[in-house]
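Inspection log for the structure reproduced underneath, given as structure tokens.
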Amino acid sequence: MKNINEIHLEDIISDLKTAHVKLDLKFLKILIQNAAGCERPWRNIEFSEKIGCNINTKIQSATGINGWINGHTTVPVSKLIKIVELSKYNWTDVEKNLTYIKAGQKRGEVRPKFPIKLDHKIGAIIGHILGDGSINKRGESIFFCNSNPELLKEFMYFMKEIFDVEPRIWVQKPKIFEEKTEWLKRINCIEEIPPNHVVSLFYPKICVRIIKTLFGNFADGRSKKITTEIKYSPFELKRGLIRAFFDDEGTVYTQRIALRVFQDNKEILENIRIMLKEFDINSDKISSYTKRDKERYYFTISNYRDCFSYYIKIGFTSSAKSAMLASLIYRLRNGKKWQYIRRLELSV
């Protein structure tokens, strides 16, 4: 993917051939009539064959086309591509008249707001998926798990902004770390979360399809990575990604003087360090420790300049972590070591 700042429907449509769309019916009728070159395209056998639509030989009619025009069924993207190619209309026209898109014939529709901007919002979605979220192995849904209402609301807000879709919200039963996840109940809003419970937000398959088309297979169950598409994405997207990832996986130690981020995947941490460097934020080398017979990795941002740069350039959505980082910066700034460095700089 080129380093561009926004994505139009035309940029991704060839990767969504198995999806279905619903268009404004007035526009859809005009589009199909124009492509067929006649008033009753369902009767145009040659046109029907060109777009691969089945023909009822008894009545010499393509009932599928009639169903699309009357709004009874959605249009397969594979067919829509051929229709647009045969018409005088372009994908900008289709984009403006898009009602919704879904992965197949079943429910799960979303209303993406094209063009999709490659900014901090979609960056935060990727960062949260790399952190406490996931895309299940079958690629049927995106989900984000957390107990912090601020982070849950952020994920919901950005998904709503980009895809115009609400999640299914499920409360998890309290469990020990190694236990399998069990669901307590489904709720309607974040305000209904019982105290000290983890919540999962679930989003439909078409969101997976669109996000993976843009950023590659960066999450597949527990297998996660920073893809080439993410590496070459705009700075604002990376800013949102880092912020969300630190919100999920980061810890602020005000007594040890450290901002630290943890992850089972060492390669992800290496790439996050590289991204931080793009914002002129330095970090220590990656270290590891063993927890529950498993090696875990972390790196630390441990001096005033870099902690302050992170606070100003990236920050936290979690108000608690943001307050702790502000406190850490205050302690570092007023420490003897920092005051000594400042005196040396001022004397040069």
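Quick note on naming: the chains in the structure tokens go A, B, ... in the order shown, residues restart at 1 in each chain, and ligands are numbered from 1 in order of appearance.
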**Neighbour list for segment 145-148 of chain A as a PyMOL selection string, cut-off 10 Å, only C-alpha atoms, skip fewer than 5 positions in-chain** = chain A and resi 128-129+131-134+153+169-172+190+193-202+247-248+318
**8 Å contact set for Lys205 of chain A, only C-alpha atoms, chain neighbours under 4 positions out, as a VMD selection string** = chain A and resid 102 to 103 108 139 to 142 209
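With atom CA of Ala258 of chain A on one side and atom CA of Arg292 of chain A on the other, the separation reads 23.8 Å.
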Where does segment 178-231 of chain A meet segment 260-283 of chain A within 12 Å, residue by residue, with the nearest atom pair and distance in Å to one decimal for each, counting only C-alpha atoms, listed by chain and rising number, as a Markdown table?
```
| residue | atom | partner | partner_atom | distance |
| --- | --- | --- | --- | --- |
| A:Phe218 | CA | A:Ile268 | CA | 10.3 |
| A:Ala219 | CA | A:Ile268 | CA | 11.4 |
| A:Arg222 | CA | A:Asn265 | CA | 9.8 |
| A:Ser223 | CA | A:Asn265 | CA | 8.8 |
| A:Lys224 | CA | A:Ile268 | CA | 7.8 |
| A:Lys225 | CA | A:Ile268 | CA | 5.8 |
| A:Ile226 | CA | A:Ile268 | CA | 6.1 |
| A:Thr227 | CA | A:Asn271 | CA | 9.6 |
| A:Thr228 | CA | A:Asn271 | CA | 10.6 |
| A:Ile230 | CA | A:Asn271 | CA | 10.1 |
| A:Lys231 | CA | A:Met275 | CA | 8.1 |
```
Would you write out those residues with C-alpha atoms, as a short mmCIF file (atom, residue, chain, number, x, y, z; two decimals), in the first residue's frame?
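Contents of out_4.cif, as written:
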```cif
data_model
loop_
_atom_site.label_atom_id
_atom_site.label_comp_id
_atom_site.auth_asym_id
_atom_site.auth_seq_id
_atom_site.Cartn_x
_atom_site.Cartn_y
_atom_site.Cartn_z
CA PHE A 218 -1.56 -8.44 10.99
CA ALA A 219 -3.74 -10.45 13.41
CA ARG A 222 -2.92 -15.22 18.74
CA SER A 223 -0.54 -14.72 15.83
CA LYS A 224 0.11 -10.99 15.42
CA LYS A 225 2.67 -8.87 13.61
CA ILE A 226 3.46 -5.44 12.23
CA THR A 227 2.96 -5.85 8.49
CA THR A 228 4.71 -3.99 5.68
CA ILE A 230 1.50 -0.81 8.66
CA LYS A 231 5.20 0.05 8.52
#
```
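Among the candidates A:Pro174, A:Pro234, A:Gly240, A:Gly315, the residue lying nearest to Val252 of chain A is A:Gly315 (atoms considered: only C-alpha atoms).
All residues within segment 124-240 of chain A that the backbone DSSP calculation assigns to strand (DSSP E) are A:Gly133, A:Ser134, A:Ile135, A:Ile142, A:Phe143, A:Phe144, A:Cys145, A:Asn146, A:Arg168, A:Ile169, A:Trp170, A:Val171, A:Gln172, A:Trp183, A:Leu184, A:Lys185, A:Arg186, A:Ile187, A:Val199, A:Ser200, A:Leu201, A:Phe202, A:Tyr203, A:Ala219, A:Asp220, A:Ser223, A:Lys224.
Counting from atom CA of Ser288 of chain A, the distance to atom CA of Glu249 of chain A is 14.8 Å.
Summary of the local environment: counting only C-alpha atoms, residues at most 8 Å from Ala35 of chain A, other than itself and those fewer than 4 positions away along its chain, are Leu31, Ile83, Val84, Glu85, Leu86, Ser87 and Lys88 of chain A.
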Those residues you just picked out, can you put them in a file as a JSON list (two decimals), in the first residue's frame with N, CA and C atoms?
```
[["chain", "number", "residue", "atom", "x", "y", "z"],
["A", 31, "LEU", "N", -27.98, 2.80, -12.95],
["A", 31, "LEU", "CA", -26.68, 2.19, -13.22],
["A", 31, "LEU", "C", -26.84, 0.92, -14.06],
["A", 83, "ILE", "N", -20.83, -4.72, -13.79],
["A", 83, "ILE", "CA", -21.85, -3.72, -14.15],
["A", 83, "ILE", "C", -21.22, -2.34, -14.32],
["A", 84, "VAL", "N", -20.36, -1.97, -13.38],
["A", 84, "VAL", "CA", -19.70, -0.66, -13.45],
["A", 84, "VAL", "C", -18.81, -0.57, -14.68],
["A", 85, "GLU", "N", -18.12, -1.65, -15.00],
["A", 85, "GLU", "CA", -17.26, -1.67, -16.20],
["A", 85, "GLU", "C", -18.05, -1.45, -17.48],
["A", 86, "LEU", "N", -19.29, -1.93, -17.53],
["A", 86, "LEU", "CA", -20.14, -1.81, -18.72],
["A", 86, "LEU", "C", -20.90, -0.49, -18.78],
["A", 87, "SER", "N", -20.85, 0.29, -17.70],
["A", 87, "SER", "CA", -21.62, 1.53, -17.63],
["A", 87, "SER", "C", -20.75, 2.76, -17.84],
["A", 88, "LYS", "N", -21.39, 3.91, -17.89],
["A", 88, "LYS", "CA", -20.67, 5.18, -17.99],
["A", 88, "LYS", "C", -20.31, 5.71, -16.60]]
```
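Here atom CA of Asn66 of chain A stands at a distance of 24.3 Å from atom CA of Ser14 of chain A.
Shortest separation to Tyr203 of chain A among A:Val110, A:Tyr289, A:Leu118, A:Thr251 occurs at residue A:Val110, atoms counted being only C-alpha atoms.
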**Asked** When DSSP works through the backbone of this structure, what residues of segment 76-195 of chain A end up as alpha helix (DSSP H), shown as a ChimeraX atom specification?
**Response** /A:77-86,91-96,120-130,149-163
Mind dumping the selected residues with N, CA and C atoms as a tab-separated table (two decimals), in the first residue's frame?
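The new file part.tsv reads:
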```tsv
chain	number	residue	atom	x	y	z
A	77	VAL	N	-20.62	-8.13	-5.02
A	77	VAL	CA	-19.60	-7.21	-5.53
A	77	VAL	C	-19.00	-7.73	-6.84
A	78	SER	N	-18.88	-9.05	-6.96
A	78	SER	CA	-18.34	-9.63	-8.21
A	78	SER	C	-19.18	-9.23	-9.41
A	79	LYS	N	-20.49	-9.15	-9.22
A	79	LYS	CA	-21.40	-8.73	-10.29
A	79	LYS	C	-21.35	-7.21	-10.47
A	80	LEU	N	-21.27	-6.49	-9.37
A	80	LEU	CA	-21.24	-5.03	-9.43
A	80	LEU	C	-20.03	-4.52	-10.20
A	81	ILE	N	-18.89	-5.17	-10.03
A	81	ILE	CA	-17.67	-4.78	-10.75
A	81	ILE	C	-17.91	-4.83	-12.26
A	82	LYS	N	-18.55	-5.90	-12.71
A	82	LYS	CA	-18.83	-6.04	-14.15
A	82	LYS	C	-19.84	-5.00	-14.62
A	83	ILE	N	-20.83	-4.72	-13.79
A	83	ILE	CA	-21.85	-3.72	-14.15
A	83	ILE	C	-21.22	-2.34	-14.32
A	84	VAL	N	-20.36	-1.97	-13.38
A	84	VAL	CA	-19.70	-0.66	-13.45
A	84	VAL	C	-18.81	-0.57	-14.68
A	85	GLU	N	-18.12	-1.65	-15.00
A	85	GLU	CA	-17.26	-1.67	-16.20
A	85	GLU	C	-18.05	-1.45	-17.48
A	86	LEU	N	-19.29	-1.93	-17.53
A	86	LEU	CA	-20.14	-1.81	-18.72
A	86	LEU	C	-20.90	-0.49	-18.78
A	91	TRP	N	-16.59	4.44	-9.85
A	91	TRP	CA	-16.69	4.00	-8.46
A	91	TRP	C	-16.95	5.14	-7.48
A	92	THR	N	-16.63	6.36	-7.89
A	92	THR	CA	-16.98	7.51	-7.05
A	92	THR	C	-18.49	7.64	-6.96
A	93	ASP	N	-19.17	7.42	-8.09
A	93	ASP	CA	-20.64	7.44	-8.10
A	93	ASP	C	-21.21	6.35	-7.21
A	94	VAL	N	-20.63	5.16	-7.30
A	94	VAL	CA	-21.09	4.03	-6.47
A	94	VAL	C	-20.85	4.35	-5.00
A	95	GLU	N	-19.68	4.87	-4.70
A	95	GLU	CA	-19.31	5.22	-3.32
A	95	GLU	C	-20.31	6.19	-2.70
A	96	LYS	N	-20.73	7.17	-3.47
A	96	LYS	CA	-21.68	8.18	-2.98
A	96	LYS	C	-23.06	7.60	-2.73
A	120	HIS	N	-5.21	8.70	13.08
A	120	HIS	CA	-5.03	8.11	14.41
A	120	HIS	C	-6.19	7.21	14.81
A	121	LYS	N	-7.37	7.42	14.23
A	121	LYS	CA	-8.53	6.62	14.61
A	121	LYS	C	-8.37	5.17	14.18
A	122	ILE	N	-8.09	4.97	12.89
A	122	ILE	CA	-7.90	3.59	12.43
A	122	ILE	C	-6.59	3.01	12.98
A	123	GLY	N	-5.63	3.90	13.25
A	123	GLY	CA	-4.39	3.46	13.89
A	123	GLY	C	-4.66	2.91	15.28
A	124	ALA	N	-5.56	3.57	16.02
A	124	ALA	CA	-5.90	3.11	17.37
A	124	ALA	C	-6.61	1.75	17.31
A	125	ILE	N	-7.46	1.56	16.31
A	125	ILE	CA	-8.13	0.26	16.15
A	125	ILE	C	-7.10	-0.84	15.95
A	126	ILE	N	-6.11	-0.60	15.07
A	126	ILE	CA	-5.05	-1.60	14.84
A	126	ILE	C	-4.26	-1.84	16.12
A	127	GLY	N	-3.90	-0.74	16.81
A	127	GLY	CA	-3.12	-0.86	18.04
A	127	GLY	C	-3.83	-1.66	19.10
A	128	HIS	N	-5.14	-1.44	19.25
A	128	HIS	CA	-5.91	-2.19	20.24
A	128	HIS	C	-6.04	-3.66	19.85
A	129	ILE	N	-6.18	-3.94	18.55
A	129	ILE	CA	-6.24	-5.34	18.11
A	129	ILE	C	-4.91	-6.03	18.39
A	130	LEU	N	-3.80	-5.33	18.16
A	130	LEU	CA	-2.48	-5.90	18.46
A	130	LEU	C	-2.26	-6.05	19.95
A	149	PRO	N	-13.42	1.25	30.90
A	149	PRO	CA	-14.48	1.85	30.08
A	149	PRO	C	-13.95	2.91	29.11
A	150	GLU	N	-12.87	3.62	29.49
A	150	GLU	CA	-12.32	4.64	28.60
A	150	GLU	C	-11.80	4.03	27.30
A	151	LEU	N	-11.12	2.90	27.41
A	151	LEU	CA	-10.57	2.25	26.22
A	151	LEU	C	-11.67	1.57	25.40
A	152	LEU	N	-12.64	0.99	26.08
A	152	LEU	CA	-13.77	0.37	25.38
A	152	LEU	C	-14.55	1.43	24.59
A	153	LYS	N	-14.78	2.57	25.22
A	153	LYS	CA	-15.51	3.66	24.55
A	153	LYS	C	-14.71	4.20	23.37
A	154	GLU	N	-13.39	4.29	23.52
A	154	GLU	CA	-12.55	4.76	22.41
A	154	GLU	C	-12.68	3.82	21.21
A	155	PHE	N	-12.56	2.52	21.47
A	155	PHE	CA	-12.64	1.55	20.38
A	155	PHE	C	-14.01	1.63	19.70
A	156	MET	N	-15.06	1.69	20.51
A	156	MET	CA	-16.41	1.78	19.96
A	156	MET	C	-16.59	3.06	19.13
A	157	TYR	N	-16.09	4.16	19.64
A	157	TYR	CA	-16.26	5.45	18.96
A	157	TYR	C	-15.57	5.45	17.61
A	158	PHE	N	-14.33	4.96	17.57
A	158	PHE	CA	-13.58	4.95	16.31
A	158	PHE	C	-14.19	3.98	15.30
A	159	MET	N	-14.66	2.82	15.76
A	159	MET	CA	-15.32	1.87	14.85
A	159	MET	C	-16.61	2.48	14.31
A	160	LYS	N	-17.32	3.21	15.14
A	160	LYS	CA	-18.54	3.88	14.70
A	160	LYS	C	-18.22	4.97	13.68
A	161	GLU	N	-17.15	5.74	13.93
A	161	GLU	CA	-16.75	6.81	13.03
A	161	GLU	C	-16.38	6.27	11.65
A	162	ILE	N	-15.68	5.14	11.61
A	162	ILE	CA	-15.16	4.62	10.34
A	162	ILE	C	-16.16	3.71	9.64
A	163	PHE	N	-16.81	2.81	10.40
A	163	PHE	CA	-17.68	1.80	9.79
A	163	PHE	C	-19.16	2.02	10.06
```
**Polymer residues at most 8 Å from Ile7 of chain A, only C-alpha atoms, same-chain spacing of 5 or more positions, as a PyMOL selection string** = chain A and resi 12+114-118
